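Structure data (CSV, C-alpha atoms) from work-v9.csv:
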```csv
chain,number,residue,atom,x,y,z
B,38,MET,CA,31.2,-76.2,-43.0
B,39,SER,CA,34.5,-75.8,-41.1
B,40,ASP,CA,37.9,-75.8,-42.8
B,41,LEU,CA,39.6,-76.6,-39.4
B,42,PRO,CA,40.8,-80.1,-38.8
B,43,GLU,CA,38.6,-81.9,-36.2
B,44,ASP,CA,41.6,-82.0,-33.8
B,45,ASP,CA,41.7,-78.1,-33.7
B,46,ILE,CA,38.1,-77.9,-32.4
B,47,PRO,CA,38.0,-79.1,-28.8
B,48,LYS,CA,35.0,-81.2,-27.6
B,49,GLY,CA,32.2,-78.9,-26.6
B,50,SER,CA,33.1,-76.2,-29.1
B,51,TYR,CA,32.3,-75.6,-32.7
B,52,ALA,CA,33.5,-73.6,-35.7
B,53,ALA,CA,31.1,-70.6,-35.6
B,54,GLY,CA,32.1,-68.9,-38.8
B,55,ARG,CA,34.4,-66.3,-40.3
B,56,ARG,CA,32.3,-63.2,-40.7
B,57,LEU,CA,30.8,-60.5,-38.4
B,58,ARG,CA,29.1,-57.3,-39.2
B,59,LEU,CA,30.5,-54.0,-37.9
B,60,PRO,CA,28.2,-52.0,-35.6
B,61,ALA,CA,26.0,-49.4,-37.4
B,62,GLY,CA,27.9,-46.1,-37.7
B,63,ALA,CA,31.4,-47.6,-37.2
B,64,GLU,CA,34.1,-45.6,-38.9
B,65,PRO,CA,37.9,-46.2,-39.2
B,66,PRO,CA,40.2,-46.8,-37.6
B,67,ILE,CA,38.9,-50.3,-36.9
B,68,VAL,CA,40.9,-52.5,-34.5
B,69,VAL,CA,39.9,-56.1,-34.1
B,70,TYR,CA,40.7,-58.3,-31.1
B,71,VAL,CA,40.4,-62.0,-30.6
B,72,ASN,CA,40.6,-62.9,-26.9
B,73,GLY,CA,42.2,-59.5,-26.2
B,74,ILE,CA,44.9,-59.9,-28.8
B,75,ALA,CA,44.9,-57.3,-31.6
B,76,GLN,CA,44.6,-58.9,-35.1
B,77,THR,CA,46.4,-57.7,-38.2
B,78,GLU,CA,44.3,-56.5,-41.1
B,79,GLY,CA,45.2,-58.4,-44.3
B,80,GLU,CA,46.7,-61.3,-42.4
B,81,ASP,CA,44.1,-62.2,-39.8
B,82,TYR,CA,41.1,-60.5,-41.3
B,83,THR,CA,39.9,-58.2,-44.1
B,84,LEU,CA,37.3,-55.5,-44.1
B,85,ARG,CA,34.8,-55.8,-46.9
B,86,GLY,CA,32.1,-53.1,-46.7
B,87,ASN,CA,30.5,-53.4,-43.3
B,88,ASP,CA,31.8,-56.9,-42.7
B,89,ILE,CA,34.9,-58.3,-41.1
B,90,LEU,CA,36.0,-61.5,-42.7
B,91,PHE,CA,38.5,-63.6,-40.8
B,92,SER,CA,41.1,-65.8,-42.5
B,93,ARG,CA,40.1,-68.7,-40.3
B,94,GLU,CA,37.0,-70.0,-38.5
B,95,ILE,CA,36.3,-68.5,-35.1
B,96,VAL,CA,35.7,-71.2,-32.4
B,97,LYS,CA,32.8,-70.8,-29.9
B,98,GLU,CA,31.6,-72.9,-27.0
B,99,GLU,CA,28.5,-75.0,-27.2
B,100,LEU,CA,26.3,-74.2,-24.2
B,101,GLY,CA,23.4,-76.5,-23.6
B,102,PHE,CA,20.5,-75.7,-21.3
B,103,ALA,CA,21.9,-77.8,-18.3
B,104,ARG,CA,25.3,-76.2,-18.6
B,105,LYS,CA,23.8,-72.7,-18.7
B,106,VAL,CA,21.8,-73.4,-15.6
B,107,ALA,CA,24.8,-74.8,-13.8
B,108,MET,CA,26.8,-71.7,-14.6
B,109,PHE,CA,24.0,-69.4,-13.7
B,110,PHE,CA,23.9,-71.0,-10.2
B,111,SER,CA,27.7,-71.0,-10.0
B,112,PHE,CA,28.0,-74.8,-9.7
B,113,PHE,CA,30.9,-74.6,-12.1
B,114,GLY,CA,32.5,-72.5,-14.8
B,115,THR,CA,33.4,-73.3,-18.3
B,116,TYR,CA,36.8,-74.2,-19.7
B,117,ARG,CA,36.1,-74.9,-23.3
B,118,LYS,CA,37.5,-73.0,-26.2
B,119,ASN,CA,35.4,-69.8,-26.7
B,120,GLU,CA,37.0,-67.1,-28.8
B,121,MET,CA,35.7,-63.6,-27.9
B,122,ILE,CA,35.7,-60.9,-30.7
B,123,ASP,CA,35.9,-57.3,-29.7
B,124,VAL,CA,36.0,-54.4,-32.2
B,125,GLN,CA,37.2,-50.9,-31.4
B,126,TYR,CA,36.0,-48.2,-33.8
B,127,GLN,CA,35.2,-44.5,-34.2
B,128,GLU,CA,31.6,-43.2,-34.2
B,129,ASN,CA,30.9,-39.4,-34.3
B,130,GLY,CA,34.5,-38.7,-33.3
B,131,LYS,CA,34.4,-40.9,-30.2
B,132,THR,CA,36.2,-44.2,-29.7
B,133,GLU,CA,33.7,-47.0,-29.1
B,134,LEU,CA,34.2,-50.7,-28.2
B,135,ALA,CA,31.8,-53.5,-29.2
B,136,SER,CA,32.5,-56.6,-27.0
B,137,ASP,CA,31.8,-60.3,-27.6
B,138,MET,CA,30.5,-59.7,-31.1
B,139,LYS,CA,28.4,-62.4,-32.7
B,140,VAL,CA,30.1,-64.3,-35.5
B,141,GLN,CA,28.0,-65.2,-38.5
B,142,ASP,CA,28.4,-68.0,-41.0
```
Using structure tokens, write down the structure that the file contains.
Amino acid sequence: MSDLPEDDIPKGSYAAGRRLRLPAGAEPPIVVYVNGIAQTEGEDYTLRGNDILFSREIVKEELGFARKVAMFFSFFGTYRKNEMIDVQYQENGKTELASDMKVQD
């Protein structure tokens, strides 16, 4: 269940959740981005074990079959709210980036 007011979730989007799992082998430093904007640990999110817990719901776009097909054939794009989560981390001494990570409840 979302804690966002209905007005904050645009039509065609939904509150996807607050948690995502770090990629296997991810080591600090961890940098979290929402729509390309770096987030602040302790304010925007917290690290708990292998999970990132956001202080608010992440909003994703609902894509039905017809909309997916229309976008695939480039009939039109999409302009609904769809927050993208990227995580930069270290793995075996190399900087890695996981893009458009899946949010879990």
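You will find CA of Glu98 in chain B at 22.4 Å from CA of Leu134 in chain B.
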Task: Among the residues B:Gly54, B:Gly73, B:Gly62, B:Gly86, the one that comes closest to Met121 in chain B [using all atoms listed in the file] - done: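 Nearest candidate to Met121 in chain B out of B:Gly54, B:Gly73, B:Gly62, B:Gly86: B:Gly73.
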TODO: Determine the nearest neighbour of Glu94 in chain B from the options B:Glu133, B:Glu128, B:Asp142, B:Asp123, counting only C-alpha atoms.
DONE: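 Once distances to Glu94 in chain B are computed over only C-alpha atoms, the minimum belongs to B:Asp142.
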TODO: Find the distance between CA of Gln127 in chain B and CA of Ala52 in chain B and write it in Å to one decimal.
DONE: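 If I compute the distance from CA of Gln127 in chain B to CA of Ala52 in chain B, I get 29.2 Å.
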TODO: Please measure the separation of CA of Ile67 in chain B and CA of Asn87 in chain B, giving the value in Å to one decimal.
DONE: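 Between these atoms lies a distance of 11.0 Å.
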Open item on the list: Using all atoms listed in the file, can you tell me which of B:Lys131, B:Lys139, B:Arg93, B:Lys118 comes closest to Arg55 in chain B?
Closed with: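 Ranking B:Lys131, B:Lys139, B:Arg93, B:Lys118 by distance to Arg55 in chain B, first place goes to B:Arg93.
Using all atoms listed in the file, the nearest neighbour of Thr77 in chain B within the list B:Phe91, B:Asn129, B:Glu120, B:Glu64 is B:Phe91.
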TODO: Can you work out which one of B:Gln141, B:Thr83, B:Gln76, B:Thr132 has the shortest atom-to-atom distance to Ile95 in chain B, counting only C-alpha atoms?
DONE: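 Counting only C-alpha atoms, the residue closest to Ile95 in chain B is B:Gln141.
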- [ ] Rank B:Leu84, B:Leu90, B:Leu57, B:Ala75 by their smallest atom-to-atom distance to Val140 in chain B, using only C-alpha atoms, and report the top residue only.
- [x]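 The shortest atom-to-atom distance to Val140 in chain B comes from B:Leu57.
Using all atoms listed in the file, the set of residues no farther than 10 Å from the position (36.3, -55.0, -26.1) comprises Val68, Val69, Tyr70, Val71, Asn72, Gly73, Met121, Ile122, Asp123, Val124, Gln125, Glu133, Leu134, Ala135, Ser136, Asp137 and Met138 of chain B.
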